[in-house]
Structures are given as structure tokens and as C-alpha cells.
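Scroll down for the structure; my scribbles are underneath it.
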Amino acid sequence: MAKPLHPTPLLDELEKGPWPSFVTGIKRLAKDNDMAVDLLGQLETSYENRLGYWKGGTLGVVGYGGGIIPRFSELKNADGSYKFPDAGEFHTLRVMPPAGMHYDTGTLRKLCDIWVKHGSGLIALHGQSGDIMFQGASSENVQKAFDEFNELGFDLGGAGPALRTSASCIGQARCEMSCYDEGKAHHEIINKFLDDLHRPALPYKFKFKFSGCPNDCTNSIQRSDFATIGTWRDNIRTDDEMGKKFVAKHGINKVINEVVGMCPTRAMQIKAAKDVAKGANISSVALDGNQSLEIDNKSCVRCMHCINVMTGALQIGKDTGVTILIGGKSVLKIGATMGSVIIPFMPLKTDEDYEKYMDLAQRVMDFFAENALEHERTGEMIDRIGLANFLEGVEVEIDPNMINRPRMNPYTNMGGWDEEVAKAEARKSAA
Amino acid sequence: MAQPQVRKPIEGFLDNKKFLHPKFAANYGNWKYHDRPRPGVLHHVSNTGDEVWTVKCGTQRQMDHYTIRKLCDIVDKHAEGFMRFTMRSNCEISVSSAAKVEPLIKALEDGGFPVGGTGNSVSMVAHTQGWLHCDIPGTDASGVVKSMMDHLIDEYRHERMPNRVKLSTSCCEINCGGQADIAVVVQYTKPPKINHDLVSAICERPTVVARCPVAAIRPTIVNGKPSLEVDEKKCVCCGACYPPCPPMQINDRDSNKIAIWVGGKNSNARSKPTFHKLVAAGLPNNAPRWPEVNAVVGRILKAYQADGRPWERMADWIDRIGWPAFFEKTELPFTKYMIDDWRGGRVNLNASAHVRF
């Protein structure tokens with residue numbers, strides 16, 4: 001039986017309403033856990049004063065320099081003791097969930113058991129970076145909690161100037177759009193760079209994210225330094241039977257207005273079946289007895305829209321691989337940036353493919369570690385030194401897919417023009 | 001005295017294979033198409049004809065273990081022992097027969113887990129730690145989300161929007177909640193208040209100086225102690241100096257305001273990814289329910305729902321109707337702050353004769 005609740009009239013308001021209430025949940029914890037009682041006390045004070053009262057510190061587990069988010073309460077009595085002593089130390093353990101955030105109930109229950117034993121019982125599923133966040137352990141109990149999570153097979157996630165916990169979409173496990181094994185890529189990358197995750201020694205944080213297709217459900221272009229997005233090189237695949245089913249159910253106008261009319265590069269046309277173009281780059285799907293939807297794959301940018309609308313009738317290609325974009329980050333210092341294309345396409349099926357992919361990741365991480373300033377993200381670094389220099393540094397050839405348009409401003413020293421033309425010709429003959 | 005045995009960590013990112021629903025494992029990489037029999041339910045069919053149904057439900061993200069166990073009980077009793085979570089803290093529970101779907105939906109709804117969030121619905125809000133746990137929060141996170149989803153639960157449970165709506169909240173300008181169709185983000189309106197007695201004891205001054213995006217911070221001596229000063233004419237009140245230097249307090253109960261940004265899109269569908277754009281600011285940080293914020297979010301969603309065409313995300317809709325119409329339909333004031341003056345901001349000016357009336 002825990003100590004009585006502090007009065008929380010403001011938080012009580014958040015128990016009303018139909019959406020599940022985190023306040024109700026914490027109050028339930030507070031019935032037998034003093035940490036939750038005092039957490040509510042601190043939070044109510046925040047709601048009253050509209051200010052936060054946590055401060056960080058330095059705390060870790062043996063062998064690791066990161067992964068624990070220390071939280072000490074700033075609310076003190078006149079004598080310096082904690083106003084809410086049982087939430088005075090309320091540290092978080094970031095724990096990496098399985099790729100795709102899949103669980104079986106047995107494992108989830110065991111994780112809960114461990115956390116009830118050593119902490120507050122409050123778990124965030126999940127943090128923005130992709131961690132399971134076990135919130136609320138005293139300094140003394142952090143190591144004990146970690147030891148038990150670790151025995152269960154779980155490892156700590158990233159924090160600080162380190163490789164961070166990553167995220168991958170559900171992908172191949174359940175999604176027909178998936179172009180590569182996201183879970184495998186996620187797994188391999190984290191395990192390769194585990195040292196950079198557990199022992200922060202980078203200029204600043206570094207995040208990988210893995211999306212199976214350009215729908216980019218992990219938001220990798222905007223939220224990661226190194227985005228791996230599935231794609232394909234060949235033609236969109238089609239299924240006539242499903243195409244006809246779609247039109248029978250939804251009508252031809254839907255295809256006109258919501259598919260053809262919304263293709264960003266006008267790659268699609270509706271034609272009489274007999275008039276559909278012939279050619280290696282043409283896909284077509286039957287709409288009814290007379291008409292077909294024709295796709296000029298040379299113009300297709302793999303935006304996923306038509307496939308989203310006509311799932312099954314249209315499908316990703318077979319020659320699949322990944323596009324890699326580098327440099328996404330949020331607002332600090334130079335404003336938010338999106339990753340930009342560094343690798344338009346690389347296959348990711350065989351062991352040899354994986355070796356090349358991992359080697360690229362290593363070169364990028366090494367270059368970042370050696371060249372970024374303190375507290376500078378990869379995107380900022382590229383902004384500072386220029387993309388062409390970054391590409392040279394990581395040994396990646398330039399490609400027109402990396403730009404929206406060529407430069408619009410002439411202010412650069414083009415004394416090396418002839419040399420660069422020779423390089424372009426060499427690239428062409430090597431291809 | 002002998003040292004106690006210290007346990008070394010077993011380092012390694014675990015494999016996810018044993019956590020996959022058997023249908024996922026059996027059809028890995030072999031799916032053909034999907035459809036949605038009803039809001040909150042996904043139905044996937046593989047190339048072999050195998051099928052799996054997935055029920056999606058919302059959670060409060062900040063879960064006490066009792067709630068997690070209740071969810072596990074439902075998954076064990078009405079599903080097949082496997083579940084997963086999404087980037088926005090929804091829970092997806094898969095079953096191998098259509099007959100299990102309705103009883104699972106009922107159990108979830110009865111258990112307090114709203115079923116929905118699929119297709120063209122309003123999904124759960126991506127959010128962060130706020131006053132509950134962050135060390136630099138300008139407002140709360142879970143509370144704002146609870147107040148928003150209480151208003152929006154019907155749009156979570158139904159698929160009535162032109163396309164999916166992704167929401168986010170962030171408790172400071174760093175925007176950890178991420179880019180979204182509608183983002184609710186703290187906007188500071190005053191430079192930091194500096195406690196000069198503490199700066200030299202706590203802050204690494206060169207680090208703090210380097211952190212400022214507009215070079216507004218200078219080392220100085222105050223009351224005989226090394227400290228920092230802010231050129232308030234340059235200061236953009238971003239709060240970036242606060243994390244490395246808490247004595248430069250950016251937060252204030254009255255001057256912390258809430259801003260609303262719209263039109264962020266992560267996906268590549270129909271158009272390249274976009275950042276969200278400022279459409280409202282100066283909203284009061286009115287805990288515990290933020291009624292003014294919710295009123296604006298509601299107006300924006302109402303206009304979008306009434307006027308968007310199928311498959312148009314908010315960014316696509318605004319692209320079509322134009323910004324003048326957006327401000328008109330949502331009855332939001334267009335102020336000078338909407339005109340971008342950050343580096344590279346010229347691209348956001350209308351350098352054309354494309355005007356709308």
C-alpha cells in the first residue's frame with residue numbers, strides 16, 4: 001500500500017474524456033508505488049506553474065557510456081531535500097525493441113515484471129527514436145534493472161553523441177510494398193556499430209532509419225542521418241484480374257481522378273487496350289474489357305501513389321534494392337534539413353550486396369566522426385563542406401539523381417572543367 | 001576487501017524473428033496486396049493466398065504496466081499472442097482468421113483501446129516527454145495529446161478524411177515530435193532570463209556561444225563573475241542555449257506560447273517530402289486542456305475534411321487551393337511572421353505571377 005496521493009486537480013481533468021488516460025494509468029501505479037505518487041505530485045506542480053522541474057546528470061551502467069537518461073527533480077524544500085522524494089531520482093532506461101517493434105505477450109509481461117521490481121512501472125511504447133523507455137528508476141536500481149533486461153536478451157539503446165537506436169517499418173513481415181529486408185538491414189547495422197552506440201564518441205548523434213518503400217513510414221528522410229529506402233529499378237508489375245476488379249468496384253473515374261491525375265510525372269495514360277505502347281519500359285494493367293492503364297516507367301519516380309491506390313493491381317518491381325539519402329535532422333543551428341540522395345540505387349539481396357552496403361555505412365560514419373565539428377550533425381557538415389566534397393570523402397561517384405536541378409549560380413571556380421569531363425566519361429564507360 | 005563481482009553487459013541487438021506473428025514469418029517478403037474491411041482493420045493477402053487480419057488500436061503511449069498487461073490479456077484471449085507497435089504508438093494485433101476480428105475489436109474497445117487509425121483517418125499523435133520527463137520542456141506532451149485525441153477520437157475511429165492525418169506535438173522548438181500534417185509546437189516569445197551567478201559554475205561558455213544559430217551570445221563579466229549575455233535584438237528566442245546552460249532560462253509560464261504548423265509530409269507519394277509551415281502562433285499554454293490549441297486544430301481539420309479531395313494529404317490540398325484560401329477557410333490571421341526570413345527562405349517567396357483570388 002503506497003502513501004496517499006497528492007491532490008492533483010489539474011491532472012484529474014485529464015482523466016475525463018474517451019481517449020485512454022495516462023493520468024489514470026499513473027494513478028493506478030500510485031496505489032502500490034510511491035514513485036508514481038510523487039511523480040504525480042511533481043507533474044501537478046508543473047501543470048500549476050507551467051514549468052518543468054527535471055534536470056539531467058551523469059549516470060550509466062557498467063561498460064556503457066550512454067543509454068540511461070538521468071532525471072533528478074529540481075523541486076527542493078528549503079533544507080535542500082527533495083519535495084517529492086520518491087520521484088527525486090526518476091531515471092529512464094532506453095532499451096532497444098526488436099526491429100519492427102514486434103512482441104509476444106510473454107516477453108512483454110516479463111519486461112513489465114522486471115520494471116515493477118526495479119522501477120516505477122511506467123513504460124513508454126515507444127520513444128521517438130524507437131526505444132522502449134522504462135521511465136522511473138532510482139540511481140541505485142538502474143544497474144539492477146538493466147542487468148535483468150539484458151539477461152532477457154535486450155540491450156540498451158543510444159543516447160548522447162552516439163549512434164542512436166534505429167527504427168524499421170513492418171516491411172517484409174506484412175507489407176506488399178516492401179522492397180528489401182528492412183529488419184535484416186536494421187539488425188546488421190546496429191550490431192556492426194554497437195560500439196558507437198554504447199560508448200558515445202561521435203561529434204554528435206547519428207541515426208539510421210529503414211523504410212521498405214518510398215512511402216517512408218519511418219520518416220527516414222526527415223528524421224535520420226542515413227536513410228535506407230526500398231525501391232526498384234525495373235517496371236511496375238501489374239495484375240489484369242485485380243485491375244478489372246478495382247474498376248468494377250470503384251469505377252473508371254476513380255482511376256482517372258485519383259491515379260492518372262495524381263501521378264507527379266504524368267507517367268500514366270488510359271488507352272484502348274490495342275493502343276497501349278509496346279516497349280521494354282511500358283507496364284500496362286487492364287481496367288475493363290476495352291481499356292488499359294499504361295505506365296511509362298522511364299518517367300516513373302517510384303512515388304508509390306498509384307500502387308497505394310490500386311494495391312495488387314499494381315505492384316513494386318522485381319529488380320529491387322535501396323536508395324540511400326544522407327543528412328536529415330531537426331531544427332537546431334541551421335534549421336531542419338532533409339536527407340538527400342547519395343546512392344540512387346544499390347541492390348541489397350546477397351551477402352556481397354550487404355558487404356558493400358555495410359562498407360558504405362562505415363565510410364560515412366568514419367567521415368562524420370573525423371570531419372564534423374562538435375555538436376554538428378551530418379547534414380550540417382555536408383552543408384558546410386558541400387556535397388561534392390562529402391561524396392569524394394566517402395568515395396561515392398556523383399550522379400544526376402542527387403540533384404533537383406543543376407546549379408543556378410555561377411560563383412564557383414571551374415578551372416578543373418576538362419578534368420571533370422574526363423571523369424564523367426570514365427564513369428559512363430565503367431557503367 | 002574483495003570487489004563485488006560486476007556483471008558485464010551482453011552486448012547485441014536481438015533478432016526479431018521469434019517475435020513475428022507466424023503468418024508474418026511464413027509469408028515474409030511474399031505479400032501481394034491488402035485492403036481494409038472496415039476502419040481499424042487491415043487485411044493482407046500473400047502470393048500463396050495466405051491471409052492475415054490486423055486490428056489497430058490507440059494507446060496512451062505512456063503505459064503503466066497494468067494497462068500493458070490488460071492489452072496482453074486481450075491479445076492472448078482474443079488473438080494469437082503476438083502484437084506490434086507503430087511509430088505513433090498505435091498497437092497492431094494480427095489474427096489468422098476473419099472470425100476473430102469482431103470479438104477482438106469488441107474486447108479492445110471494451111478494454112479502453114479505441115480501434116481505428118487506419119487508412120484516411122486521423123492517427124495517434126507522435127509526441128515526446130514534456131513536463132512528465134523532459135529536462136527542457138516548454139509545455140507538456142502527454143496532456144496535450146490526451147486533450148487532442150479526446151476531441152479527435154471519432155476521426156480516429158473512422159476513415160473520413162481525404163487521406164491520413166499525421167499529428168505531432170513537441171514541448172520545445174527542437175520539434176522532437178517531428179514534421180506532421182499538423183504539428184503543435186512550443187514557440188518562445190522572449191529571450192532567455194539569465195541567472196548570472198550560476199553561469200560560470202554550470203555552463204561551458206564556448207559551447208553555449210557556439211550553439212546560438214544567430215551568434216547572439218557573447219561572454220561577459222557580470223557582478224565580477226564570468227557569464228554570458230544575449231544581444232536581444234538578434235535573439236530569435238529559439239531556446240537552443242538552454243539545454244547546455246540551464247541558467248539561461250528560456251521557459252516562462254506566460255511568455256511560452258504554442259504555434260501550429262501544417263503541411264509536413266514524410267512520404268514521397270504524389271509529391272516530394274515537405275516540411276510543415278507556420279500557420280498560427282501566440283496560442284496560450286493553457287494546461288490542463290489547451291482549449292485554444294484544440295480549437296485551431298479543429299478548424300484546420302474541418303476545412304481540410306470539407307474541401308480535400310481523395311488522397312490529398314494536407315500539403316497536397318493546400319498546394320491545390322493555395323495559401324490565401326487556406327488562411328481564409330481556417331479563419332487564421334496571416335501575419336508578417338509567416339514570411340520566411342531564415343537563410344534559404346527566398347525559395348518560399350512567390351517569384352511568379354501565380355496569384356489566386
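We name chains A, B, ... following the order of the C-alpha cells; residues begin at 1 in each chain, and ligands are numbered from 1 as shown.
Shell of Asp15 in chain B at 10 Å, with only C-alpha atoms counted and residues fewer than 5 places along the chain excluded, is A:Pro97, A:Pro98, A:Ala99, A:Gly153, A:Phe154, A:Gly183, A:Lys184, A:His186, A:His187, A:Glu188.
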Residue subset to file, keeping C-alpha atoms, as a PDB file, in the first residue's frame:
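The resulting file, selection-v3.pdb, is shown below:
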```pdb
ATOM      1  CA  PRO A  97      12.912  -3.209 -29.053  1.00  0.00           C
ATOM      2  CA  PRO A  98      13.045  -5.922 -31.722  1.00  0.00           C
ATOM      3  CA  ALA A  99      13.150  -4.446 -35.232  1.00  0.00           C
ATOM      4  CA  GLY A 153      18.186 -10.623 -24.352  1.00  0.00           C
ATOM      5  CA  PHE A 154      17.572  -6.906 -24.598  1.00  0.00           C
ATOM      6  CA  GLY A 183      14.552  -5.928 -40.370  1.00  0.00           C
ATOM      7  CA  LYS A 184      17.760  -7.582 -41.515  1.00  0.00           C
ATOM      8  CA  HIS A 186      18.402  -2.707 -39.266  1.00  0.00           C
ATOM      9  CA  HIS A 187      19.756  -5.673 -37.322  1.00  0.00           C
ATOM     10  CA  GLU A 188      23.061  -5.803 -39.176  1.00  0.00           C
TER      11      GLU A 188
END
```
Margin query: Please return, as JSON, numbers by chain, all residues of range 74-268 of chain B that DSSP assigns to helix (DSSP H, G or I) on the basis of the backbone.
Written below: {"B": [74, 75, 76, 77, 78, 98, 99, 100, 101, 102, 103, 104, 105, 106, 107, 108, 109, 110, 130, 131, 132, 133, 142, 143, 144, 145, 146, 147, 148, 149, 150, 151, 152, 153, 154, 155, 156, 157, 196, 197, 198, 199, 200, 201, 202, 205, 206, 207, 208, 209, 210, 211]}
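CA of Leu360 in chain A is found 8.6 Å from CA of Glu395 in chain A.
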Next item on the list: Using only C-alpha atoms, determine which residues lie at most 9 Å from Cys306 in chain A, disregarding the query and same-chain residues fewer than 6 positions distant; provide the list as a PyMOL selection string.
Entry: (chain A and resi 258-260+262-263+314) or (chain B and resi 269-270)
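Around Ser147 in chain B, within 8 Å and counting only C-alpha atoms, the residues found are A:Leu14, B:Gly143, B:Val144, B:Asp150, B:His151, B:Arg289, B:Trp290, B:Asn294, once anything fewer than 3 positions away on its own chain is removed.
With distances restricted to only C-alpha atoms, B:Ala259 is the closest residue to Val185 in chain B from B:Ile68, B:Met148, B:Ala259, B:Leu278.
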Next item on the list: Find the residues around range 231-237 of chain B up to 10 Å (only C-alpha atoms counted), leave out those fewer than 3 positions away in its own chain, and share them as a list in words.
Entry: Glu173, Gln187, Tyr188, Thr189, Lys190, Pro191, Pro192, Cys212, Pro213, Val214, Ala215, Ala216, Ile217, Arg218, Ala240, Cys241 and Ile250 of chain B
Those selected residues, please, written with C-alpha atoms and delivered as a PDB file, in the first residue's frame.
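Final output, saved to selection-v3.pdb:
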```
ATOM      1  CA  GLU B 173      11.221  24.345 -30.618  1.00  0.00           C
ATOM      2  CA  GLN B 187       7.165  28.915 -29.629  1.00  0.00           C
ATOM      3  CA  TYR B 188       9.122  31.067 -27.211  1.00  0.00           C
ATOM      4  CA  THR B 189       8.428  34.790 -27.412  1.00  0.00           C
ATOM      5  CA  LYS B 190      11.110  36.245 -25.131  1.00  0.00           C
ATOM      6  CA  PRO B 191      14.890  35.937 -24.886  1.00  0.00           C
ATOM      7  CA  PRO B 192      16.208  33.823 -22.008  1.00  0.00           C
ATOM      8  CA  CYS B 212      23.291  30.005 -30.936  1.00  0.00           C
ATOM      9  CA  PRO B 213      22.016  29.937 -34.534  1.00  0.00           C
ATOM     10  CA  VAL B 214      22.278  33.712 -34.884  1.00  0.00           C
ATOM     11  CA  ALA B 215      25.504  34.371 -32.957  1.00  0.00           C
ATOM     12  CA  ALA B 216      23.670  36.447 -30.374  1.00  0.00           C
ATOM     13  CA  ILE B 217      25.550  35.202 -27.305  1.00  0.00           C
ATOM     14  CA  ARG B 218      28.769  36.733 -26.013  1.00  0.00           C
ATOM     15  CA  ALA B 240      18.927  26.347 -28.037  1.00  0.00           C
ATOM     16  CA  CYS B 241      21.139  27.904 -25.339  1.00  0.00           C
ATOM     17  CA  ILE B 250      14.034  30.257 -21.789  1.00  0.00           C
TER      18      ILE B 250
END
```
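Near Ile398 in chain A, within 12 Å and counting only C-alpha atoms, sit Val341, Ile342, Ile343, Pro344, Leu387, Ala388, Asn389, Phe390, Leu391, Glu392, Glu420, Lys423, Ala424, Arg427 and Lys428 of chain A, not including residues fewer than 6 positions from it in the same chain.
The space between CA of Val165 in chain B and CA of Ala267 in chain A spans 26.8 Å.
As for CA of Trp31 in chain B and CA of Val52 in chain B, they are spaced 10.3 Å apart.
DSSP secondary structure from the backbone places Phe206, Phe208, Lys209, Phe210, Ser211, Phe226, Ala227, Thr228, Ile229, Gly230, Thr231, Trp232, Arg237 and Thr238 of chain A of range 187-244 of chain A in strand (DSSP E or B).
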Need the shell around Ser330 in chain A: protein/DNA/RNA residues with any atom at most 7 Å away, counting only C-alpha atoms. Skip same-chain ones fewer than 3 positions apart. Format as a JSON list (two decimals) with C-alpha atoms, in the first residue's frame?
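The result, written out as around.json:
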```
[["chain", "number", "residue", "atom", "x", "y", "z"],
["A", 335, "GLY", "CA", 17.17, 24.75, -39.39],
["A", 336, "ALA", "CA", 15.66, 21.39, -40.28],
["A", 337, "THR", "CA", 17.20, 19.52, -43.19],
["B", 174, "ILE", "CA", 13.57, 21.43, -31.28],
["B", 175, "ASN", "CA", 10.44, 19.64, -32.55]]
```
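Considering only C-alpha atoms, the residue among A:Val95, A:Ala273, A:Met310, A:Val331 positioned nearest to chain B is A:Val331.
Distances here use only C-alpha atoms; by that measure, the residue among B:Lys56, B:Thr48, B:Asp64, B:Lys100 closest to Arg109 in chain A is B:Asp64.
Residue nearest chain B, chosen from A:Met1, A:Ala78, A:Leu125, A:Ala422 and counting only C-alpha atoms: A:Leu125.
Candidate residues A:Asp131, A:Val285, A:Gly312, A:Ala162 were compared for distance to chain B, and the nearest is A:Gly312, using only C-alpha atoms.
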